file run11.txt (compact mmCIF, C-alpha atoms (C1' of nucleotides))
# COMPACT_ATOMS: atom_id res chain seq x y z
CA MET V 167 31.20 124.53 87.03
CA GLN V 168 28.18 125.42 89.00
CA PRO V 169 28.19 127.77 91.96
CA VAL V 170 29.92 126.16 94.87
CA SER V 171 27.89 127.70 97.62
CA ASP V 172 24.23 128.34 97.30
CA ASP V 173 23.45 129.30 100.86
CA ARG V 174 21.88 125.95 101.55
CA GLU V 175 23.02 126.02 105.12
CA GLY V 176 25.44 128.27 106.91
CA HIS V 177 28.46 127.75 104.75
CA GLU V 178 28.46 131.04 102.94
CA ASP V 179 30.23 132.33 105.97
CA CYS V 180 33.07 129.87 105.64
CA ALA V 181 36.25 131.39 104.25
CA PRO V 182 37.26 128.34 102.23
CA ARG V 183 33.99 128.40 100.37
CA ARG V 184 34.36 132.04 99.61
CA VAL V 185 37.83 131.65 98.23
CA LEU V 186 36.93 128.50 96.41
CA GLU V 187 34.62 130.43 94.16
CA ILE V 188 37.51 132.57 93.10
CA PHE V 189 40.43 130.30 92.54
CA ALA V 190 38.55 127.20 91.48
CA THR V 191 37.28 129.02 88.44
CA LYS V 192 39.27 127.29 85.75
CA TRP V 193 40.73 130.32 84.02
CA THR V 194 41.06 132.83 86.82
CA SER V 195 44.49 131.76 87.91
CA MET V 196 45.79 131.32 84.38
CA ILE V 197 44.70 134.82 83.51
CA LEU V 198 46.20 136.23 86.67
CA HIS V 199 49.38 134.33 86.05
CA THR V 200 49.62 135.57 82.48
CA LEU V 201 48.71 139.09 83.43
CA HIS V 202 51.38 139.01 86.07
CA SER V 203 54.23 137.04 84.58
CA VAL V 204 53.88 137.84 80.93
CA HIS V 205 52.52 141.34 80.95
CA GLY V 206 53.85 142.75 84.17
CA GLY V 207 50.53 143.30 85.83
CA GLN V 208 48.52 144.96 83.12
CA ALA V 209 47.37 144.29 79.60
CA ARG V 210 44.73 145.08 77.05
CA THR V 211 42.00 142.60 76.27
CA GLY V 212 43.29 141.50 72.89
CA VAL V 213 46.86 141.10 74.05
CA LEU V 214 45.75 139.08 77.01
CA HIS V 215 43.57 136.98 74.77
CA ARG V 216 46.40 136.17 72.40
CA SER V 217 48.51 135.11 75.35
CA LEU V 218 45.99 132.49 76.33
CA PRO V 219 45.53 129.95 73.56
CA GLY V 220 42.54 127.75 74.13
CA LEU V 221 40.63 130.42 75.97
CA SER V 222 37.68 131.76 74.04
CA LYS V 223 36.83 135.42 73.99
CA LYS V 224 33.58 134.71 75.74
CA MET V 225 35.25 133.01 78.64
CA LEU V 226 37.98 135.58 78.82
CA VAL V 227 35.54 138.44 79.17
CA GLN V 228 33.34 136.52 81.52
CA THR V 229 36.21 135.58 83.78
CA LEU V 230 37.59 139.10 83.68
CA ARG V 231 34.22 140.29 84.94
CA GLU V 232 34.29 137.92 87.84
CA MET V 233 37.83 138.89 88.68
CA GLU V 234 36.85 142.50 88.54
CA HIS V 235 33.95 141.88 90.89
CA SER V 236 36.24 140.01 93.24
CA GLY V 237 38.57 142.96 93.28
CA LEU V 238 41.51 141.09 91.82
CA ILE V 239 41.80 143.38 88.83
CA ASP V 240 40.43 146.70 87.75
CA ARG V 241 39.28 147.82 84.36
CA GLN V 242 40.01 151.05 82.60
CA ALA V 243 38.04 151.73 79.47
CA GLU V 244 38.30 154.71 77.19
CA SER V 245 34.85 155.28 75.81
CA VAL V 246 36.19 156.40 72.47
CA VAL V 247 36.77 154.77 69.15
CA PRO V 248 38.84 151.91 68.85
CA PRO V 249 37.95 150.95 72.40
CA ALA V 250 41.04 150.59 74.49
CA VAL V 251 40.47 148.61 77.64
CA ARG V 252 43.19 147.86 80.09
CA TYR V 253 43.08 145.39 82.91
CA ARG V 254 45.40 145.76 85.85
CA LEU V 255 46.13 143.77 88.93
CA THR V 256 44.93 145.45 92.08
CA PRO V 257 46.95 145.24 95.30
CA LEU V 258 44.58 142.47 96.33
CA GLY V 259 45.24 140.79 93.02
CA TYR V 260 48.97 141.06 93.48
CA ARG V 261 48.79 139.33 96.83
CA PHE V 262 46.66 136.63 95.31
CA VAL V 263 48.76 136.06 92.22
CA ASP V 264 51.76 135.63 94.44
CA LEU V 265 50.12 132.56 95.92
CA ILE V 266 49.16 131.35 92.48
CA GLU V 267 52.77 131.56 91.42
CA GLN V 268 53.71 129.46 94.41
CA ILE V 269 51.26 126.82 93.30
CA TYR V 270 52.78 126.79 89.86
CA ALA V 271 56.21 126.64 91.40
CA TRP V 272 55.05 123.61 93.33
CA GLY V 273 53.96 122.09 90.04
CA ARG V 274 57.32 122.69 88.43
CA ASP V 275 59.12 121.52 91.51
CA ASN V 276 57.22 118.27 91.56
CA ALA V 277 56.83 117.82 87.84
CA ASP V 278 58.65 114.53 88.03
CA ALA V 279 56.47 113.07 90.73
CA LEU V 280 53.35 114.32 89.03
CA ASP V 281 54.44 112.91 85.72
CA ALA V 282 55.37 109.54 87.11
CA LEU V 283 51.88 109.13 88.45
CA ARG V 284 50.12 109.78 85.21
CA PRO V 285 50.60 106.76 82.97
CA ARG V 286 48.40 108.20 80.27
CA ALA V 287 48.10 106.78 76.80
CA SER V 288 50.97 106.80 74.29
CA SER V 289 53.65 105.15 76.39
CA ARG V 290 56.28 107.82 76.23
CA ARG V 291 59.28 106.80 78.22
CA ARG V 292 62.66 108.29 77.60
CA SER V 293 64.89 105.52 78.81
CA GLY V 294 62.92 102.55 80.10
CA MET A 209 34.75 121.53 83.67
CA GLN A 210 36.27 120.21 80.55
CA PRO A 211 39.90 119.20 80.26
CA VAL A 212 42.05 122.25 80.33
CA SER A 213 44.71 121.01 78.01
CA ASP A 214 43.93 118.95 74.98
CA ASP A 215 47.33 118.94 73.34
CA ARG A 216 46.17 121.32 70.68
CA GLU A 217 49.59 122.93 70.52
CA GLY A 218 52.53 122.63 72.84
CA HIS A 219 50.91 123.67 76.03
CA GLU A 220 50.70 120.33 77.71
CA ASP A 221 54.29 120.96 78.62
CA CYS A 222 53.47 124.15 80.45
CA ALA A 223 53.56 123.81 84.21
CA PRO A 224 50.61 126.12 84.82
CA ARG A 225 48.38 123.99 82.66
CA ARG A 226 49.42 120.88 84.48
CA VAL A 227 48.76 122.32 87.88
CA LEU A 228 45.58 123.94 86.75
CA GLU A 229 44.01 120.57 86.20
CA ILE A 230 44.64 119.74 89.81
CA PHE A 231 43.76 122.75 91.83
CA ALA A 232 41.05 124.17 89.61
CA THR A 233 38.97 121.09 90.20
CA LYS A 234 36.30 122.60 92.39
CA TRP A 235 36.42 120.16 95.28
CA THR A 236 40.05 119.12 95.33
CA SER A 237 41.22 121.91 97.56
CA MET A 238 38.23 121.71 99.87
CA ILE A 239 38.82 118.03 100.39
CA LEU A 240 42.50 118.55 100.98
CA HIS A 241 41.78 121.36 103.35
CA THR A 242 39.27 119.29 105.29
CA LEU A 243 41.48 116.25 105.29
CA HIS A 244 44.30 118.37 106.61
CA SER A 245 42.71 120.83 109.00
CA VAL A 246 39.82 118.83 110.31
CA HIS A 247 41.12 115.29 110.26
CA GLY A 248 44.82 115.76 110.68
CA GLY A 249 45.82 114.33 107.35
CA GLN A 250 43.79 111.16 107.16
CA ALA A 251 40.19 110.08 107.26
CA ARG A 252 37.79 107.42 106.17
CA THR A 253 35.45 108.01 103.30
CA GLY A 254 32.28 108.42 105.30
CA VAL A 255 33.84 110.73 107.83
CA LEU A 256 35.26 112.88 105.11
CA HIS A 257 31.93 112.92 103.37
CA ARG A 258 30.09 114.11 106.44
CA SER A 259 32.62 116.87 106.83
CA LEU A 260 31.80 118.24 103.42
CA PRO A 261 28.16 119.25 103.22
CA GLY A 262 27.04 119.93 99.69
CA LEU A 263 29.44 117.44 98.21
CA SER A 264 27.75 114.37 96.83
CA LYS A 265 29.17 110.94 97.32
CA LYS A 266 29.72 110.59 93.63
CA MET A 267 31.80 113.72 93.40
CA LEU A 268 33.69 112.87 96.55
CA VAL A 269 34.75 109.50 95.24
CA GLN A 270 35.49 110.86 91.81
CA THR A 271 37.63 113.67 93.16
CA LEU A 272 39.39 111.32 95.53
CA ARG A 273 40.31 109.20 92.54
CA GLU A 274 41.81 112.14 90.74
CA MET A 275 43.70 113.21 93.81
CA GLU A 276 44.98 109.71 94.19
CA HIS A 277 46.15 109.66 90.59
CA SER A 278 47.82 112.99 91.09
CA GLY A 279 49.67 111.60 94.06
CA LEU A 280 48.18 114.02 96.55
CA ILE A 281 46.66 111.29 98.67
CA ASP A 282 46.92 107.56 98.97
CA ARG A 283 44.24 105.03 99.59
CA GLN A 284 44.29 102.10 101.95
CA ALA A 285 41.48 99.63 101.66
CA GLU A 286 40.88 96.56 103.73
CA SER A 287 39.21 94.04 101.48
CA VAL A 288 37.09 92.67 104.25
CA VAL A 289 33.57 93.22 105.42
CA PRO A 290 32.43 96.46 106.33
CA PRO A 291 34.95 97.97 103.96
CA ALA A 292 37.24 100.36 105.72
CA VAL A 293 38.98 102.74 103.40
CA ARG A 294 41.35 105.37 104.60
CA TYR A 295 42.68 108.30 102.64
CA ARG A 296 45.88 109.97 103.69
CA LEU A 297 47.82 112.94 102.52
CA THR A 298 51.07 112.01 100.84
CA PRO A 299 54.20 114.13 101.30
CA LEU A 300 53.35 115.70 97.96
CA GLY A 301 49.85 116.35 99.22
CA TYR A 302 51.17 117.94 102.38
CA ARG A 303 53.27 120.37 100.39
CA PHE A 304 50.29 121.20 98.26
CA VAL A 305 47.79 121.61 101.05
CA ASP A 306 50.16 124.03 102.68
CA LEU A 307 49.73 126.33 99.71
CA ILE A 308 46.00 125.80 99.77
CA GLU A 309 45.92 126.90 103.37
CA GLN A 310 47.76 130.04 102.39
CA ILE A 311 45.10 130.78 99.82
CA TYR A 312 42.41 130.38 102.43
CA ALA A 313 44.41 132.54 104.78
CA TRP A 314 44.49 135.16 102.07
CA GLY A 315 40.73 134.87 101.88
CA ARG A 316 40.29 135.37 105.58
CA ASP A 317 42.82 138.13 105.64
CA ASN A 318 41.01 140.01 102.91
CA ALA A 319 37.50 139.00 103.79
CA ASP A 320 36.58 142.61 104.27
CA ALA A 321 37.80 143.73 100.89
CA LEU A 322 36.24 140.73 99.21
CA ASP A 323 32.97 141.32 100.96
CA ALA A 324 32.85 145.00 100.15
CA LEU A 325 33.12 144.23 96.48
CA ARG A 326 30.24 141.85 96.34
CA PRO A 327 27.07 143.91 96.69
CA ARG A 328 24.89 140.88 96.18
CA ALA A 329 21.21 140.81 96.97
CA SER A 330 19.82 140.90 100.52
CA SER A 331 21.79 143.79 101.99
CA ARG A 332 23.12 142.09 105.07
CA ARG A 333 25.35 144.25 107.17
CA ARG A 334 26.17 143.41 110.72
CA SER A 335 27.09 146.75 112.19
CA GLY A 336 27.60 149.28 109.46
C1' DC R 17 30.58 101.21 104.72
C1' DA R 18 32.75 101.96 100.08
C1' DG R 19 31.91 102.71 95.43
C1' DG R 20 30.59 101.53 90.57
C1' DA R 21 26.91 102.15 86.73
C1' DT R 22 23.03 104.45 84.88
C1' DC R 23 19.69 108.02 83.98
C1' DC R 24 18.59 112.54 83.38
C1' DT R 25 18.72 117.44 84.36
C1' DT R 26 21.52 121.43 84.56
C1' DC R 27 25.25 124.12 83.34
C1' DT R 28 29.39 125.18 80.70
C1' DG R 29 31.40 127.06 77.11
C1' DG R 30 32.39 127.41 71.90
C1' DA R 31 30.69 129.44 67.49
C1' DT R 32 28.46 132.97 65.42
C1' DA R 33 26.42 137.33 64.56
C1' DC R 34 25.81 142.05 65.98
C1' DT R 35 26.72 146.81 68.38
C1' DG R 36 29.71 150.93 69.10
C1' DC G 125 39.17 146.48 69.31
C1' DA G 126 35.90 145.35 73.17
C1' DG G 127 31.81 143.39 74.47
C1' DT G 128 26.92 141.24 74.41
C1' DA G 129 23.28 137.94 73.12
C1' DT G 130 21.77 133.66 71.11
C1' DC G 131 22.09 128.93 69.92
C1' DC G 132 23.30 124.44 70.99
C1' DA G 133 26.47 120.20 71.66
C1' DG G 134 28.69 118.23 75.27
C1' DA G 135 30.23 117.88 80.09
C1' DA G 136 29.24 118.07 85.01
C1' DG G 137 26.94 116.36 88.64
C1' DG G 138 22.85 114.71 91.62
C1' DA G 139 19.64 110.80 92.54
C1' DT G 140 19.07 106.18 92.52
C1' DC G 141 20.02 101.32 92.31
C1' DC G 142 23.14 97.62 92.95
C1' DT G 143 27.44 94.94 94.48
C1' DG G 144 30.60 93.03 98.11
call {"tool": "encode", "arguments": {"input": "run11.txt", "output": "structure tokens"}}
result
Amino acid sequence: MQPVSDDREGHEDCAPRRVLEIFATKWTSMILHTLHSVHGGQARTGVLHRSLPGLSKKMLVQTLREMEHSGLIDRQAESVVPPAVRYRLTPLGYRFVDLIEQIYAWGRDNADALDALRPRASSRRRSG
Amino acid sequence: MQPVSDDREGHEDCAPRRVLEIFATKWTSMILHTLHSVHGGQARTGVLHRSLPGLSKKMLVQTLREMEHSGLIDRQAESVVPPAVRYRLTPLGYRFVDLIEQIYAWGRDNADALDALRPRASSRRRSG
DNA sequence: CAGGATCCTTCTGGATACTG
DNA sequence: CAGTATCCAGAAGGATCCTG
């Protein structure tokens, strides 16, 4: 995805655009969700990585950087051998992940409706 | 963005992955937000387009299709000359956009914190 | 006005190799 | 283990042209 706002007009001041950059980044919310629900708010890089199949190391690190810059998480690194880095949700991150969880809850709550509207390939129907 | 889930394992069953495809699509939430807050839940294509500077027609239509398939909006077209197409939030869409608005509210609420953490170029500070 | 098809540039993101 | 840099195939997305 390319940057949503590029200051072409006066939209960098618009809250939606600001937030969009954060939560429309494909992996941000998944990472937050995992960090929150699976690891209780904090985890080391490798652990987090193994919890997110399909996410490459490159993207994980890159997204973690962005999240760090956005203030959603903070990073604690011990500059010694075997590097131990720990990412933790910040208070800001906690407030955000709460909303993310609501979105996911919406998804679970409406799984049926969402499923009914996606007649993908491989006609899988349980009773019809 | 490439498809988030590709059925590599068993994750297509995971609610987060499902939802991710919807709300992590860069323009989906902006369109919903605009449709909801600016146009009261329904609008014609052109009107919607003009409300979303920076969004090309191609992406608008494409995203509208996805949203339609997801059941967030529905589409009413009159097959006559000058085509008049109207997009409207569905009940499902209304429930979703409500969460989107909360995310934006979070953004406004924490604009200060978010801003403080982004020491981009061009040091613009309004009052110190 | 609504939107599909095409072309072509840009960006994303995986694989790999390397540092500490 | 944690992270960076490079390479490169493939996807995203804008511009344009065309239909009804």
call {"tool": "closest_residue", "arguments": {"input": "run11.txt", "among": "A:Lys265, A:Arg225, A:Arg273, A:His244", "to": "A:Leu307", "atoms": "all atoms listed in the file"}}
result
A:His244
call {"tool": "interface_residues", "arguments": {"input": "run11.txt", "of": "chain A", "to": "chain G", "cutoff": "12 Å", "atoms": "all atoms listed in the file", "output": "PyMOL selection string"}}
result
chain A and resi 209-211+233-234+262-268+270-271+287-291
call {"tool": "interface_residues", "arguments": {"input": "run11.txt", "of": "chain A", "to": "chain V", "cutoff": "7 Å", "atoms": "only C-alpha atoms", "output": "PyMOL selection string"}}
result
chain A and resi 209+223-224+227+231-234+277-279+307+311-312+315-316+322+325-326
call {"tool": "closest_residue", "arguments": {"input": "run11.txt", "among": "A:Tyr302, A:Gln284, A:Gly254, A:Glu274", "to": "chain R", "atoms": "only C-alpha atoms (C1' of nucleotides)"}}
result
A:Gly254
call {"tool": "atom_distance", "arguments": {"input": "run11.txt", "atom1": "atom CA of A:Gly249", "atom2": "atom CA of A:Val269"}}
result
17.1 Å
call {"tool": "atom_distance", "arguments": {"input": "run11.txt", "atom1": "atom CA of V:Pro257", "atom2": "atom CA of V:Thr211"}}
result
19.8 Å
call {"tool": "decode", "arguments": {"input": "run11.txt", "residues": "stretch 218-253 of chain A", "atoms": "N, CA and C atoms", "output": "PDB file, in the first residue's frame"}}
result
ATOM      1  N   GLY A 218      -4.766 -23.302   8.315  1.00  0.00           N
ATOM      2  CA  GLY A 218      -6.165 -23.364   8.719  1.00  0.00           C
ATOM      3  C   GLY A 218      -6.657 -22.010   9.143  1.00  0.00           C
ATOM      4  N   HIS A 219      -6.041 -20.995   8.631  1.00  0.00           N
ATOM      5  CA  HIS A 219      -6.307 -19.670   9.154  1.00  0.00           C
ATOM      6  C   HIS A 219      -7.467 -18.972   8.477  1.00  0.00           C
ATOM      7  N   GLU A 220      -7.953 -19.551   7.401  1.00  0.00           N
ATOM      8  CA  GLU A 220      -9.074 -18.896   6.747  1.00  0.00           C
ATOM      9  C   GLU A 220     -10.322 -18.968   7.632  1.00  0.00           C
ATOM     10  N   ASP A 221     -10.218 -19.763   8.658  1.00  0.00           N
ATOM     11  CA  ASP A 221     -11.337 -19.920   9.567  1.00  0.00           C
ATOM     12  C   ASP A 221     -11.276 -18.919  10.710  1.00  0.00           C
ATOM     13  N   CYS A 222     -10.173 -18.213  10.783  1.00  0.00           N
ATOM     14  CA  CYS A 222      -9.939 -17.301  11.889  1.00  0.00           C
ATOM     15  C   CYS A 222     -10.605 -15.959  11.629  1.00  0.00           C
ATOM     16  N   ALA A 223     -11.465 -15.570  12.544  1.00  0.00           N
ATOM     17  CA  ALA A 223     -12.229 -14.335  12.384  1.00  0.00           C
ATOM     18  C   ALA A 223     -11.353 -13.129  12.068  1.00  0.00           C
ATOM     19  N   PRO A 224     -10.282 -12.925  12.814  1.00  0.00           N
ATOM     20  CA  PRO A 224      -9.432 -11.778  12.518  1.00  0.00           C
ATOM     21  C   PRO A 224      -9.006 -11.700  11.065  1.00  0.00           C
ATOM     22  N   ARG A 225      -8.633 -12.822  10.515  1.00  0.00           N
ATOM     23  CA  ARG A 225      -8.191 -12.822   9.109  1.00  0.00           C
ATOM     24  C   ARG A 225      -9.315 -12.405   8.187  1.00  0.00           C
ATOM     25  N   ARG A 226     -10.484 -12.886   8.484  1.00  0.00           N
ATOM     26  CA  ARG A 226     -11.646 -12.542   7.671  1.00  0.00           C
ATOM     27  C   ARG A 226     -11.884 -11.032   7.673  1.00  0.00           C
ATOM     28  N   VAL A 227     -11.933 -10.512   8.867  1.00  0.00           N
ATOM     29  CA  VAL A 227     -12.234  -9.103   9.024  1.00  0.00           C
ATOM     30  C   VAL A 227     -11.119  -8.237   8.458  1.00  0.00           C
ATOM     31  N   LEU A 228      -9.925  -8.737   8.637  1.00  0.00           N
ATOM     32  CA  LEU A 228      -8.764  -7.995   8.161  1.00  0.00           C
ATOM     33  C   LEU A 228      -8.899  -7.622   6.699  1.00  0.00           C
ATOM     34  N   GLU A 229      -9.386  -8.575   5.928  1.00  0.00           N
ATOM     35  CA  GLU A 229      -9.538  -8.327   4.493  1.00  0.00           C
ATOM     36  C   GLU A 229     -10.462  -7.154   4.222  1.00  0.00           C
ATOM     37  N   ILE A 230     -11.394  -6.964   5.104  1.00  0.00           N
ATOM     38  CA  ILE A 230     -12.358  -5.883   4.907  1.00  0.00           C
ATOM     39  C   ILE A 230     -11.809  -4.537   5.341  1.00  0.00           C
ATOM     40  N   PHE A 231     -11.420  -4.446   6.575  1.00  0.00           N
ATOM     41  CA  PHE A 231     -11.133  -3.111   7.089  1.00  0.00           C
ATOM     42  C   PHE A 231      -9.701  -2.681   6.879  1.00  0.00           C
ATOM     43  N   ALA A 232      -8.850  -3.610   6.424  1.00  0.00           N
ATOM     44  CA  ALA A 232      -7.476  -3.195   6.147  1.00  0.00           C
ATOM     45  C   ALA A 232      -7.314  -2.785   4.689  1.00  0.00           C
ATOM     46  N   THR A 233      -8.433  -2.748   3.985  1.00  0.00           N
ATOM     47  CA  THR A 233      -8.389  -2.259   2.612  1.00  0.00           C
ATOM     48  C   THR A 233      -8.437  -0.735   2.665  1.00  0.00           C
ATOM     49  N   LYS A 234      -7.321  -0.155   2.350  1.00  0.00           N
ATOM     50  CA  LYS A 234      -7.083   1.273   2.588  1.00  0.00           C
ATOM     51  C   LYS A 234      -8.291   2.193   2.508  1.00  0.00           C
ATOM     52  N   TRP A 235      -9.103   2.077   1.478  1.00  0.00           N
ATOM     53  CA  TRP A 235     -10.165   3.060   1.307  1.00  0.00           C
ATOM     54  C   TRP A 235     -11.508   2.666   1.884  1.00  0.00           C
ATOM     55  N   THR A 236     -11.676   1.413   2.205  1.00  0.00           N
ATOM     56  CA  THR A 236     -12.974   0.952   2.691  1.00  0.00           C
ATOM     57  C   THR A 236     -13.525   1.818   3.808  1.00  0.00           C
ATOM     58  N   SER A 237     -12.730   2.030   4.818  1.00  0.00           N
ATOM     59  CA  SER A 237     -13.224   2.754   5.982  1.00  0.00           C
ATOM     60  C   SER A 237     -13.453   4.230   5.691  1.00  0.00           C
ATOM     61  N   MET A 238     -12.616   4.787   4.827  1.00  0.00           N
ATOM     62  CA  MET A 238     -12.804   6.190   4.466  1.00  0.00           C
ATOM     63  C   MET A 238     -14.116   6.360   3.715  1.00  0.00           C
ATOM     64  N   ILE A 239     -14.388   5.450   2.825  1.00  0.00           N
ATOM     65  CA  ILE A 239     -15.621   5.518   2.058  1.00  0.00           C
ATOM     66  C   ILE A 239     -16.830   5.343   2.973  1.00  0.00           C
ATOM     67  N   LEU A 240     -16.733   4.372   3.849  1.00  0.00           N
ATOM     68  CA  LEU A 240     -17.829   4.157   4.789  1.00  0.00           C
ATOM     69  C   LEU A 240     -18.040   5.388   5.655  1.00  0.00           C
ATOM     70  N   HIS A 241     -16.944   5.903   6.131  1.00  0.00           N
ATOM     71  CA  HIS A 241     -17.004   7.087   6.983  1.00  0.00           C
ATOM     72  C   HIS A 241     -17.665   8.253   6.252  1.00  0.00           C
ATOM     73  N   THR A 242     -17.234   8.486   5.028  1.00  0.00           N
ATOM     74  CA  THR A 242     -17.792   9.570   4.230  1.00  0.00           C
ATOM     75  C   THR A 242     -19.267   9.330   3.930  1.00  0.00           C
ATOM     76  N   LEU A 243     -19.539   8.112   3.515  1.00  0.00           N
ATOM     77  CA  LEU A 243     -20.918   7.747   3.200  1.00  0.00           C
ATOM     78  C   LEU A 243     -21.818   7.985   4.409  1.00  0.00           C
ATOM     79  N   HIS A 244     -21.278   7.679   5.554  1.00  0.00           N
ATOM     80  CA  HIS A 244     -22.049   7.785   6.788  1.00  0.00           C
ATOM     81  C   HIS A 244     -22.137   9.212   7.314  1.00  0.00           C
ATOM     82  N   SER A 245     -20.969   9.810   7.516  1.00  0.00           N
ATOM     83  CA  SER A 245     -20.936  11.114   8.193  1.00  0.00           C
ATOM     84  C   SER A 245     -21.291  12.276   7.286  1.00  0.00           C
ATOM     85  N   VAL A 246     -20.894  12.168   6.037  1.00  0.00           N
ATOM     86  CA  VAL A 246     -21.109  13.295   5.139  1.00  0.00           C
ATOM     87  C   VAL A 246     -22.433  13.190   4.390  1.00  0.00           C
ATOM     88  N   HIS A 247     -22.786  11.950   4.029  1.00  0.00           N
ATOM     89  CA  HIS A 247     -23.956  11.804   3.170  1.00  0.00           C
ATOM     90  C   HIS A 247     -25.119  11.083   3.842  1.00  0.00           C
ATOM     91  N   GLY A 248     -24.990  10.857   5.110  1.00  0.00           N
ATOM     92  CA  GLY A 248     -26.106  10.289   5.846  1.00  0.00           C
ATOM     93  C   GLY A 248     -26.466   8.860   5.494  1.00  0.00           C
ATOM     94  N   GLY A 249     -25.504   8.124   4.945  1.00  0.00           N
ATOM     95  CA  GLY A 249     -25.754   6.713   4.718  1.00  0.00           C
ATOM     96  C   GLY A 249     -25.988   6.316   3.278  1.00  0.00           C
ATOM     97  N   GLN A 250     -26.141   7.299   2.404  1.00  0.00           N
ATOM     98  CA  GLN A 250     -26.329   6.962   0.997  1.00  0.00           C
ATOM     99  C   GLN A 250     -25.852   8.091   0.104  1.00  0.00           C
ATOM    100  N   ALA A 251     -25.348   7.712  -1.049  1.00  0.00           N
ATOM    101  CA  ALA A 251     -24.875   8.722  -1.989  1.00  0.00           C
ATOM    102  C   ALA A 251     -24.684   8.115  -3.367  1.00  0.00           C
ATOM    103  N   ARG A 252     -24.701   8.992  -4.353  1.00  0.00           N
ATOM    104  CA  ARG A 252     -24.432   8.535  -5.712  1.00  0.00           C
ATOM    105  C   ARG A 252     -22.935   8.500  -5.943  1.00  0.00           C
ATOM    106  N   THR A 253     -22.543   7.767  -6.932  1.00  0.00           N
ATOM    107  CA  THR A 253     -21.131   7.549  -7.197  1.00  0.00           C
ATOM    108  C   THR A 253     -20.341   8.842  -7.309  1.00  0.00           C
TER     109      THR A 253
END
